[in-house]
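Working notes, structure below.
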Amino acid sequence: MLSRVAESVYWMNRYMERAENYSRFIDVNFQLSLDLNEDVNRQWMPLVFTTGDNELFQKKFSEASKENVIHFMTFESENPNSILNCLIRARENARTIRENISTPMWEVINEFHLNFKTKKHFSDTDLSSLSEFFKTIRNQCLLFYGCQEATISRDEVWYFAQLGRYLERAEKTARILDMKYFILLPSHDVGSNLDLLQWLSLLKSTSAHEMFNRMYQKITPTNIAEFLILDRQFPRAVRFSLKKIFDSLKTLSGTAEDQYSCEAEKRVGVLLSELSYTSVDEIFNSGMHEYLDRLQLQINGIHDRIDERYFRF
Amino acid sequence: MLLTNYQTESFYDEMFSPEGGIRQSYHFLKSRIETMDDRELVRRKSSAEKALLSLGITFNVYGDEEEEERIMPFDIIPRIITSHEWRKLEEGLKQRTKALNLFINDIYHDEKIIKDGIVPAEYVYSSPGYLKECKGINPPQGIWIHISGTDLVRNGDGTVHVLEDNLRCPSGVSYVLENREVMKKTFPELFASLSVRPTYDYPIRLRGMLESMSGKSNPSIAVLTPGIYNSAYYEHSFLAQKMGVPLVEGSDLTVKDEKVYMRTTRGLKAVDVIYRRIDDSFLDPLVFNKDSLLGVPGIFEAYKKGNVAIVNAPGAGVADDKVLYTFVPAMIKYYLGEEAILPNVPTYLCSNEKDRNYVKENIANLVVKAANGAGGYGMLIGPRSSKKEQDEFCDLIDKNPRNYIAQPVLSLSRVPTLIEDKLEGRHVDLRPFILYGEDIYVMPGGLTRVALRKGSLVVNSSQGGGSKDTWVMG
């Protein structure tokens, strides 16, 4: 398979995953803001921190109002990670590899783009249909995964798709957990109703609420962190995602479980076993934010090594 | 109902004879249309166009930022050609292809046709498509023009003429295939009862031709595209997909030890045959355009050594020149000893003083074209131009006479076309596609392009033209 095609498959999946994640975060935050009666503007900036695009945001907007943040994350043409831009790039990548993916996959992504590109911003009146709008985006992304799952061969295209999707997912789940850190900064009302509501919204931001409830009796920070970082079965958990990346890299290179053929494999292997032998208490003791920060750096490092090994040699 | 007020307005109509009677080949279509109510046809057209959009069957429009991709407007009334007439067109196209190929091979070798005084040397050497680097090269099986798309037009008296030869990277074949798929969904009942010759096997034949250009039994083939911003990108991707071969960009290829390789996730993989959709001048920055980022450094040397087949062969564009076009009937006579089956459109060469004066005096009644233009750019349609535009063209001609030719305004034939909710006559041309490998294959039909604006003669998609399915009857 051409290196360029591998790269495009990888990024097409990263962008779709990103668009899906963003639409979920924004919607959950919007719902949360409706439950809070206090001054809610401070509710929105953490979302921007979560995306890592806070510098760009602050350059463009003086205030992190609901409208500004939603616009920035959804339609802003100067934000390379806005949902609209993710979609444009996902489709552009799909176009360059059209002969490597199935027609149903292409049609989903193309129609999604056609329906979305005519919308440029929200007006106040749109707020009533906001949740519906983000739900449509999520559903289109899920339809895309479904088509990919059902219509393409489990060859290299598939494994590069998995790499893109799970790398993006692992990184975003780590970032979402970190959002609690940014929300907590201004006030330390641990254990309050607000605190509970915020933790709950983190679960919802990863569509993890129901799966979490089946495993744990109590919504506590420790339980939630354990579930989202270390779980072996939940598809949005960091460990689960890393295992998928590990397996995909192994299949691509054909090396045995306990050997490695490139730096990318080595780093995933090391990180995965670290997560396998870490308890959530150790994570909290070492400082949750510091831990998540390091985790994100490690995940980004894995991306760089994949890039180096497969896309740019 | 839709056809009751239809007027042929003294043009040659592909469906109706001058007396208003229906031509034999259109009988069935006419009775089918008449049983439909007006809205039914409009509905079928709009669902056909929706299908094209959702499949992303689009072309790119340069310099239009708001809407960079468009579907080519699609008309659902087909152009129908009888098997009898098609046989003649097919023979004529094969004859022309053979002669053009012999011409190209000749001018890069012995130049007999120049020495014998049939084609003036200066016309050949001044053609931008002529590449001195190709002198003495022997492409596999002696074939230079593997894929051509010759534009045909039917004149007011019903005679079919060759308007131009496209021998570089002719595009449009993907629309022929997609239009047919859409038409089968739109009018299944017609296909079920008529014997329309199929076109679906084109990609298989294309692949077969490409394979035959390599000595190997299982050669590695690739389609080379300039990338997604090229106006014909959809087609490049479509053909690669249908043939099951990789679509590559210049940066995916590299040359080592005079051999061409693709960069893959498992390292370098050799390439034997390249169907390139980028122009000669961008092919190899070491030999041609030094600033090109699209091409592959060293590929021309690999080609010269016979390590890779390039389709169409570099240098073939010389015969695509509209000045050399005027010599094709003479080439047919010279190389094959035959009379041309398909006539050329009468053409004035502005480099010839007598012709030039005539052109300048009669510019208001002529079509003037750049000898190496394409896509409907750089042309003047006399009767539809202002005095100012005519003067500008006269200046252009004086500055560079070699680059201009002129032809009488043809009265192109028309086909009923759905305009809003009724059928009106619109002018059409036809681009059949020809493959030259172990033998010459002419795809039955081709791309019928239609000038959608009332009275317009310009059919190019970049100028608002649309397309129709072309049915050759079995």
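Lettering and numbering for the structure tokens are positional, with chains as A, B, ... in the shown order, residues counted from 1 in each chain, and ligands counted from 1 in the shown order.
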Please run DSSP on the backbone and report, as a PyMOL selection string, all residues within stretch 104-341 of chain B that come out as strand (DSSP E or B).
chain B and resi 147-154+160-166+196+221-224+247-248+253-256+259-264+267-270+273-276+309-311
Keeping only C-alpha atoms, take the residues you just selected and write them out as a compact mmCIF listing (two decimals), in the first residue's frame.
```txt
# COMPACT_ATOMS: atom_id res chain seq x y z
CA ILE B 147 -5.70 6.46 -25.54
CA SER B 148 -7.29 9.11 -27.69
CA GLY B 149 -10.54 11.01 -27.67
CA THR B 150 -11.44 12.46 -31.05
CA ASP B 151 -14.09 15.18 -31.14
CA LEU B 152 -16.71 14.69 -33.84
CA VAL B 153 -19.45 17.10 -34.92
CA ARG B 154 -22.35 16.67 -37.29
CA VAL B 160 -19.90 13.97 -39.48
CA HIS B 161 -16.58 15.85 -39.34
CA VAL B 162 -13.56 15.54 -37.09
CA LEU B 163 -13.25 18.74 -35.07
CA GLU B 164 -10.03 17.90 -33.25
CA ASP B 165 -7.83 15.07 -32.03
CA ASN B 166 -7.11 14.79 -28.32
CA VAL B 196 -27.92 -0.66 -26.58
CA ILE B 221 0.48 -0.66 -13.20
CA ALA B 222 -0.31 2.77 -11.78
CA VAL B 223 -2.39 5.79 -12.77
CA LEU B 224 -0.45 9.03 -12.27
CA LEU B 247 -3.59 5.98 -8.09
CA VAL B 248 -0.27 7.72 -7.51
CA LEU B 253 7.14 7.64 -7.17
CA THR B 254 10.90 7.63 -7.14
CA VAL B 255 13.55 6.57 -9.61
CA LYS B 256 16.51 4.41 -8.61
CA LYS B 259 13.86 2.12 -12.63
CA VAL B 260 10.61 3.57 -11.28
CA TYR B 261 9.32 2.62 -7.83
CA MET B 262 6.32 3.46 -5.62
CA ARG B 263 6.82 4.29 -1.96
CA THR B 264 4.74 1.81 0.00
CA GLY B 267 9.23 -0.21 1.11
CA LEU B 268 9.79 0.45 -2.59
CA LYS B 269 7.77 -1.44 -5.18
CA ALA B 270 8.68 -1.47 -8.88
CA VAL B 273 3.41 0.72 -16.71
CA ILE B 274 2.22 4.24 -15.93
CA TYR B 275 -1.02 5.64 -17.27
CA ARG B 276 -0.13 9.25 -16.72
CA ALA B 309 6.07 2.18 -20.26
CA ILE B 310 4.40 5.59 -20.22
CA VAL B 311 0.90 5.92 -21.64
```
Taking only C-alpha atoms into account, report as a JSON list (two decimals) with N, CA and C atoms, in the first residue's frame which residues of chain B lie within 9 Å of chain A.
```json
[["chain", "number", "residue", "atom", "x", "y", "z"],
["B", 53, "LEU", "N", -24.27, 13.69, -7.62],
["B", 53, "LEU", "CA", -23.69, 14.54, -6.58],
["B", 53, "LEU", "C", -23.29, 13.71, -5.37],
["B", 54, "SER", "N", -24.18, 12.82, -4.99],
["B", 54, "SER", "CA", -23.88, 12.07, -3.78],
["B", 54, "SER", "C", -22.73, 11.07, -4.01],
["B", 55, "LEU", "N", -22.54, 10.65, -5.25],
["B", 55, "LEU", "CA", -21.39, 9.80, -5.56],
["B", 55, "LEU", "C", -20.13, 10.64, -5.74],
["B", 56, "GLY", "N", -20.29, 11.96, -5.72],
["B", 56, "GLY", "CA", -19.11, 12.82, -5.87],
["B", 56, "GLY", "C", -18.54, 12.80, -7.27],
["B", 227, "GLY", "N", -3.25, 15.28, -8.81],
["B", 227, "GLY", "CA", -3.80, 15.44, -7.47],
["B", 227, "GLY", "C", -5.23, 15.94, -7.47],
["B", 228, "ILE", "N", -5.78, 16.11, -6.27],
["B", 228, "ILE", "CA", -7.22, 16.34, -6.16],
["B", 228, "ILE", "C", -7.67, 17.69, -6.68],
["B", 233, "TYR", "N", -9.73, 15.13, -11.69],
["B", 233, "TYR", "CA", -9.30, 14.21, -10.62],
["B", 233, "TYR", "C", -10.27, 13.05, -10.43],
["B", 234, "TYR", "N", -11.56, 13.38, -10.50],
["B", 234, "TYR", "CA", -12.54, 12.31, -10.31],
["B", 234, "TYR", "C", -12.27, 11.15, -11.27],
["B", 237, "SER", "N", -9.24, 8.97, -10.38],
["B", 237, "SER", "CA", -9.54, 8.08, -9.28],
["B", 237, "SER", "C", -10.49, 6.95, -9.71],
["B", 238, "PHE", "N", -11.47, 7.32, -10.52],
["B", 238, "PHE", "CA", -12.44, 6.35, -11.03],
["B", 238, "PHE", "C", -11.75, 5.24, -11.83],
["B", 239, "LEU", "N", -10.86, 5.63, -12.74],
["B", 239, "LEU", "CA", -10.22, 4.64, -13.60],
["B", 239, "LEU", "C", -9.30, 3.73, -12.79],
["B", 240, "ALA", "N", -8.56, 4.31, -11.84],
["B", 240, "ALA", "CA", -7.69, 3.50, -11.00],
["B", 240, "ALA", "C", -8.52, 2.48, -10.22],
["B", 241, "GLN", "N", -9.62, 2.97, -9.69],
["B", 241, "GLN", "CA", -10.49, 2.12, -8.90],
["B", 241, "GLN", "C", -11.08, 0.99, -9.74],
["B", 242, "LYS", "N", -11.59, 1.33, -10.93],
["B", 242, "LYS", "CA", -12.22, 0.31, -11.77],
["B", 242, "LYS", "C", -11.20, -0.71, -12.28],
["B", 244, "GLY", "N", -8.51, -1.47, -10.55],
["B", 244, "GLY", "CA", -7.87, -2.10, -9.40],
["B", 244, "GLY", "C", -6.37, -1.87, -9.35],
["B", 245, "VAL", "N", -5.94, -0.67, -9.75],
["B", 245, "VAL", "CA", -4.51, -0.34, -9.67],
["B", 245, "VAL", "C", -4.35, 0.92, -8.82],
["B", 246, "PRO", "N", -3.16, 1.13, -8.24],
["B", 246, "PRO", "CA", -3.00, 2.31, -7.40],
["B", 246, "PRO", "C", -3.05, 3.62, -8.19],
["B", 247, "LEU", "N", -3.62, 4.63, -7.55],
["B", 247, "LEU", "CA", -3.59, 5.98, -8.09],
["B", 247, "LEU", "C", -2.44, 6.68, -7.40],
["B", 248, "VAL", "N", -1.45, 7.13, -8.14],
["B", 248, "VAL", "CA", -0.27, 7.72, -7.51],
["B", 248, "VAL", "C", -0.11, 9.18, -7.90],
["B", 249, "GLU", "N", 0.55, 9.91, -7.02],
["B", 249, "GLU", "CA", 0.97, 11.27, -7.35],
["B", 249, "GLU", "C", 2.48, 11.23, -7.57],
["B", 251, "SER", "N", 4.88, 12.49, -6.05],
["B", 251, "SER", "CA", 5.69, 12.27, -4.85],
["B", 251, "SER", "C", 5.64, 10.83, -4.35],
["B", 252, "ASP", "N", 4.71, 10.04, -4.87],
["B", 252, "ASP", "CA", 4.66, 8.62, -4.47],
["B", 252, "ASP", "C", 5.68, 7.79, -5.25],
["B", 262, "MET", "N", 7.30, 2.78, -6.47],
["B", 262, "MET", "CA", 6.32, 3.46, -5.62],
["B", 262, "MET", "C", 6.79, 3.34, -4.17],
["B", 263, "ARG", "N", 6.51, 4.38, -3.39],
["B", 263, "ARG", "CA", 6.82, 4.29, -1.96],
["B", 263, "ARG", "C", 5.64, 3.66, -1.24],
["B", 264, "THR", "N", 5.85, 2.47, -0.70],
["B", 264, "THR", "CA", 4.74, 1.81, 0.00],
["B", 264, "THR", "C", 5.11, 1.61, 1.47],
["B", 265, "THR", "N", 4.14, 1.19, 2.25],
["B", 265, "THR", "CA", 4.38, 0.97, 3.68],
["B", 265, "THR", "C", 5.35, -0.19, 3.89],
["B", 266, "ARG", "N", 5.57, -0.98, 2.85],
["B", 266, "ARG", "CA", 6.53, -2.08, 2.96],
["B", 266, "ARG", "C", 7.79, -1.82, 2.14],
["B", 267, "GLY", "N", 8.02, -0.55, 1.85],
["B", 267, "GLY", "CA", 9.23, -0.21, 1.11],
["B", 267, "GLY", "C", 8.94, 0.08, -0.35]]
```
List every residue of stretch 51-299 of chain A that DSSP, applied to the backbone of this structure, assigns to alpha helix (DSSP H), and report them as a VMD selection string.
chain A and resid 51 54 to 60 66 to 74 83 to 96 103 to 116 130 to 151 156 to 184 193 to 205 209 to 215 221 to 225 238 to 253 263 to 276 280 to 286 288 to 299
Would you list the contacts of A:Arg89 as a list in words, taking every protein, DNA or RNA residue within 12 Å and counting only C-alpha atoms, but skipping same-chain residues closer than 4 positions in sequence?
Ser8, Val9, Tyr10, Trp11, Met12, Asn13, Arg14, Tyr15, Met16, Arg18, Ala19, Ser77, Pro80, Asn81, Ser82, Ile83, Leu84, Asn85, Asn93, Ala94, Arg95, Thr96, Ile109, Asn110 and His113 of chain A
Export of prior selection with N, CA, C and O atoms as a compact mmCIF listing (two decimals), in the first residue's frame:
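Written out: selection_12.txt:
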```
# COMPACT_ATOMS: atom_id res chain seq x y z
N SER A 8 -3.39 8.94 4.49
CA SER A 8 -4.72 9.52 4.30
C SER A 8 -5.80 8.71 5.02
O SER A 8 -6.73 9.27 5.58
N VAL A 9 -5.66 7.40 5.00
CA VAL A 9 -6.63 6.56 5.72
C VAL A 9 -6.58 6.88 7.21
O VAL A 9 -7.60 7.04 7.88
N TYR A 10 -5.35 6.97 7.70
CA TYR A 10 -5.12 7.28 9.11
C TYR A 10 -5.77 8.61 9.50
O TYR A 10 -6.54 8.70 10.44
N TRP A 11 -5.49 9.65 8.69
CA TRP A 11 -6.02 10.97 9.04
C TRP A 11 -7.52 11.09 8.81
O TRP A 11 -8.22 11.77 9.55
N MET A 12 -8.02 10.41 7.78
CA MET A 12 -9.46 10.43 7.57
C MET A 12 -10.17 9.95 8.84
O MET A 12 -11.14 10.55 9.31
N ASN A 13 -9.64 8.88 9.42
CA ASN A 13 -10.25 8.35 10.64
C ASN A 13 -10.02 9.24 11.85
O ASN A 13 -10.91 9.40 12.67
N ARG A 14 -8.86 9.84 11.92
CA ARG A 14 -8.63 10.76 13.05
C ARG A 14 -9.61 11.93 12.98
O ARG A 14 -10.18 12.32 13.99
N TYR A 15 -9.79 12.48 11.79
CA TYR A 15 -10.68 13.64 11.67
C TYR A 15 -12.14 13.28 11.95
O TYR A 15 -12.86 14.05 12.57
N MET A 16 -12.57 12.11 11.50
CA MET A 16 -13.95 11.71 11.79
C MET A 16 -14.14 11.51 13.28
O MET A 16 -15.13 11.93 13.86
N ARG A 18 -12.43 12.91 15.61
CA ARG A 18 -12.35 14.22 16.26
C ARG A 18 -13.68 14.96 16.14
O ARG A 18 -14.18 15.54 17.10
N ALA A 19 -14.27 14.93 14.95
CA ALA A 19 -15.56 15.60 14.74
C ALA A 19 -16.60 15.00 15.67
O ALA A 19 -17.41 15.71 16.28
N SER A 77 -13.54 28.86 10.52
CA SER A 77 -12.69 28.40 9.41
C SER A 77 -11.21 28.51 9.76
O SER A 77 -10.39 27.79 9.20
N PRO A 80 -8.20 24.99 12.73
CA PRO A 80 -7.99 23.78 11.91
C PRO A 80 -8.75 22.57 12.45
O PRO A 80 -8.98 21.61 11.73
N ASN A 81 -9.13 22.64 13.74
CA ASN A 81 -9.79 21.49 14.34
C ASN A 81 -11.29 21.65 14.50
O ASN A 81 -11.94 20.80 15.12
N SER A 82 -11.87 22.74 13.97
CA SER A 82 -13.32 22.88 14.09
C SER A 82 -13.99 21.70 13.37
O SER A 82 -13.39 21.10 12.46
N ILE A 83 -15.20 21.40 13.78
CA ILE A 83 -15.88 20.24 13.19
C ILE A 83 -15.93 20.39 11.67
O ILE A 83 -15.66 19.45 10.92
N LEU A 84 -16.25 21.61 11.22
CA LEU A 84 -16.33 21.84 9.78
C LEU A 84 -15.01 21.52 9.09
O LEU A 84 -14.97 20.84 8.07
N ASN A 85 -13.91 21.99 9.68
CA ASN A 85 -12.60 21.71 9.08
C ASN A 85 -12.24 20.23 9.15
O ASN A 85 -11.62 19.70 8.23
N ASN A 93 -9.24 13.77 2.39
CA ASN A 93 -8.46 12.54 2.48
C ASN A 93 -9.17 11.39 1.80
O ASN A 93 -8.56 10.61 1.07
N ALA A 94 -10.48 11.31 2.01
CA ALA A 94 -11.24 10.23 1.38
C ALA A 94 -11.16 10.33 -0.14
O ALA A 94 -11.04 9.33 -0.84
N ARG A 95 -11.21 11.55 -0.65
CA ARG A 95 -11.14 11.72 -2.11
C ARG A 95 -9.81 11.26 -2.68
O ARG A 95 -9.75 10.74 -3.78
N THR A 96 -8.74 11.49 -1.90
CA THR A 96 -7.44 11.10 -2.45
C THR A 96 -7.22 9.59 -2.39
O THR A 96 -6.29 9.09 -3.00
N ILE A 109 -19.46 9.90 3.72
CA ILE A 109 -18.60 11.05 4.04
C ILE A 109 -18.89 12.21 3.09
O ILE A 109 -18.89 13.38 3.49
N ASN A 110 -19.19 11.91 1.85
CA ASN A 110 -19.47 12.95 0.86
C ASN A 110 -20.81 13.64 1.15
O ASN A 110 -20.92 14.86 1.11
N HIS A 113 -20.58 15.85 4.22
CA HIS A 113 -19.93 17.11 3.88
C HIS A 113 -20.87 18.04 3.10
O HIS A 113 -20.96 19.23 3.38
```
When you look at A:Lys243 with a cut-off of 12 Å (counting only C-alpha atoms), what residues show up, excluding the ones that are within fewer than 4 positions of it in the same chain? I need them as an MDAnalysis selection string.
chainID A and resid 162:163 166:167 170 230:239 247:250 257 265 268:276
Taking 3 positions as the minimum chain separation for residues in the same chain, which residues sit within 9 Å of B:Lys98 when counting only C-alpha atoms? Answer as a list in words.
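Counting only C-alpha atoms, the residues come to Leu93, Lys94, Gln95, Asn101, Leu102, Phe103, Ile332, Tyr335, Leu336, Tyr436 and Ile440 of chain B.
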What's around A:Glu226 at 9 Å? Count only C-alpha atoms, leave out sequence neighbours fewer than 3 positions away in its own chain, and write the answer as a ChimeraX atom specification.
/A:221-223,229-231,279-281
Dump C-alpha atoms for the selected residues as a PDB file, in the first residue's frame?
```pdb
ATOM      1  CA  PRO A 221     -13.651  10.582  40.748  1.00  0.00           C
ATOM      2  CA  THR A 222     -11.569   7.462  41.395  1.00  0.00           C
ATOM      3  CA  ASN A 223     -14.074   5.153  39.757  1.00  0.00           C
ATOM      4  CA  ILE A 229      -8.069   5.266  31.778  1.00  0.00           C
ATOM      5  CA  LEU A 230      -7.600   1.649  32.706  1.00  0.00           C
ATOM      6  CA  ASP A 231     -10.650  -0.286  31.540  1.00  0.00           C
ATOM      7  CA  SER A 279      -3.656   1.275  39.859  1.00  0.00           C
ATOM      8  CA  VAL A 280      -5.898   4.299  39.882  1.00  0.00           C
ATOM      9  CA  ASP A 281      -4.697   5.166  43.400  1.00  0.00           C
TER      10      ASP A 281
END
```
Applying 12 Å and only C-alpha atoms, which residues near A:Leu127 remain after dropping the ones on its own chain fewer than 4 positions away? List them as a list in words.
Asp27, Phe30, Gln31, Leu34, Lys66, Glu67, Ile70, His71, His121, Phe122, Ser123, Ser131, Glu132, Phe133 and Phe134 of chain A
Based on the selection just made, write N, CA, C and O atoms of those residues as an mmCIF file, in the first residue's frame.
```cif
data_model
loop_
_atom_site.group_PDB
_atom_site.id
_atom_site.type_symbol
_atom_site.label_atom_id
_atom_site.label_comp_id
_atom_site.auth_asym_id
_atom_site.auth_seq_id
_atom_site.Cartn_x
_atom_site.Cartn_y
_atom_site.Cartn_z
ATOM 1 N N ASP A 27 -22.151 19.307 23.002
ATOM 2 C CA ASP A 27 -23.530 19.030 23.374
ATOM 3 C C ASP A 27 -23.665 18.783 24.874
ATOM 4 O O ASP A 27 -24.557 19.321 25.533
ATOM 5 N N PHE A 30 -23.323 21.924 26.728
ATOM 6 C CA PHE A 30 -24.521 22.739 26.544
ATOM 7 C C PHE A 30 -25.624 22.265 27.492
ATOM 8 O O PHE A 30 -26.259 23.049 28.184
ATOM 9 N N GLN A 31 -25.806 20.952 27.542
ATOM 10 C CA GLN A 31 -26.814 20.392 28.458
ATOM 11 C C GLN A 31 -26.489 20.754 29.910
ATOM 12 O O GLN A 31 -27.362 21.123 30.678
ATOM 13 N N LEU A 34 -27.376 24.162 30.974
ATOM 14 C CA LEU A 34 -28.799 24.375 31.222
ATOM 15 C C LEU A 34 -29.189 23.978 32.643
ATOM 16 O O LEU A 34 -30.171 24.456 33.189
ATOM 17 N N LYS A 66 -20.813 31.121 25.495
ATOM 18 C CA LYS A 66 -21.352 29.906 24.888
ATOM 19 C C LYS A 66 -21.312 30.026 23.360
ATOM 20 O O LYS A 66 -20.840 29.134 22.662
ATOM 21 N N GLU A 67 -21.820 31.161 22.855
ATOM 22 C CA GLU A 67 -21.901 31.360 21.401
ATOM 23 C C GLU A 67 -20.517 31.309 20.763
ATOM 24 O O GLU A 67 -20.310 30.655 19.736
ATOM 25 N N ILE A 70 -19.000 27.715 20.931
ATOM 26 C CA ILE A 70 -19.671 26.799 19.991
ATOM 27 C C ILE A 70 -19.277 27.139 18.555
ATOM 28 O O ILE A 70 -18.953 26.262 17.762
ATOM 29 N N HIS A 71 -19.267 28.428 18.254
ATOM 30 C CA HIS A 71 -18.880 28.802 16.893
ATOM 31 C C HIS A 71 -17.446 28.379 16.585
ATOM 32 O O HIS A 71 -17.162 27.792 15.549
ATOM 33 N N HIS A 121 -22.859 29.313 10.580
ATOM 34 C CA HIS A 121 -22.883 29.717 11.994
ATOM 35 C C HIS A 121 -24.266 29.448 12.589
ATOM 36 O O HIS A 121 -25.216 29.153 11.879
ATOM 37 N N PHE A 122 -24.322 29.596 13.908
ATOM 38 C CA PHE A 122 -25.589 29.431 14.613
ATOM 39 C C PHE A 122 -26.190 30.788 14.912
ATOM 40 O O PHE A 122 -25.482 31.733 15.230
ATOM 41 N N SER A 123 -27.486 30.862 14.872
ATOM 42 C CA SER A 123 -28.129 32.072 15.396
ATOM 43 C C SER A 123 -28.788 31.680 16.723
ATOM 44 O O SER A 123 -28.856 30.509 17.066
ATOM 45 N N SER A 131 -28.965 20.496 20.086
ATOM 46 C CA SER A 131 -28.693 19.106 20.434
ATOM 47 C C SER A 131 -28.984 18.182 19.265
ATOM 48 O O SER A 131 -28.233 17.225 19.004
ATOM 49 N N GLU A 132 -30.045 18.498 18.580
ATOM 50 C CA GLU A 132 -30.418 17.694 17.410
ATOM 51 C C GLU A 132 -29.298 17.751 16.364
ATOM 52 O O GLU A 132 -28.914 16.741 15.771
ATOM 53 N N PHE A 133 -28.770 18.947 16.175
ATOM 54 C CA PHE A 133 -27.700 19.161 15.198
ATOM 55 C C PHE A 133 -26.460 18.319 15.538
ATOM 56 O O PHE A 133 -25.914 17.611 14.693
ATOM 57 N N PHE A 134 -26.035 18.389 16.810
ATOM 58 C CA PHE A 134 -24.842 17.622 17.182
ATOM 59 C C PHE A 134 -25.098 16.118 17.172
ATOM 60 O O PHE A 134 -24.197 15.334 16.891
#
```
Report the distance between atom CA of B:Ile118 and atom CA of B:Leu324 in Å, rounded to one decimal place.
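It comes out at 11.1 Å.
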Minimum-distance residue to B:Lys132, chosen among B:Val318, B:Ser220, B:Val459, B:Gly215 (using only C-alpha atoms)
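Among B:Val318, B:Ser220, B:Val459, B:Gly215, it is B:Val318 that comes nearest to B:Lys132.
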Restricting the calculation to only C-alpha atoms: of B:Tyr348, B:Tyr229, B:Ala340, B:Ile405, which residue gets closest to B:Met379?
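Selected residue with least distance to B:Met379: B:Ile405.
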Residue nearest A:Met211 - candidates A:Leu228, A:Leu297, A:Thr74, A:Lys119, atoms counted: only C-alpha atoms
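Nearest candidate to A:Met211 out of A:Leu228, A:Leu297, A:Thr74, A:Lys119: A:Leu228.
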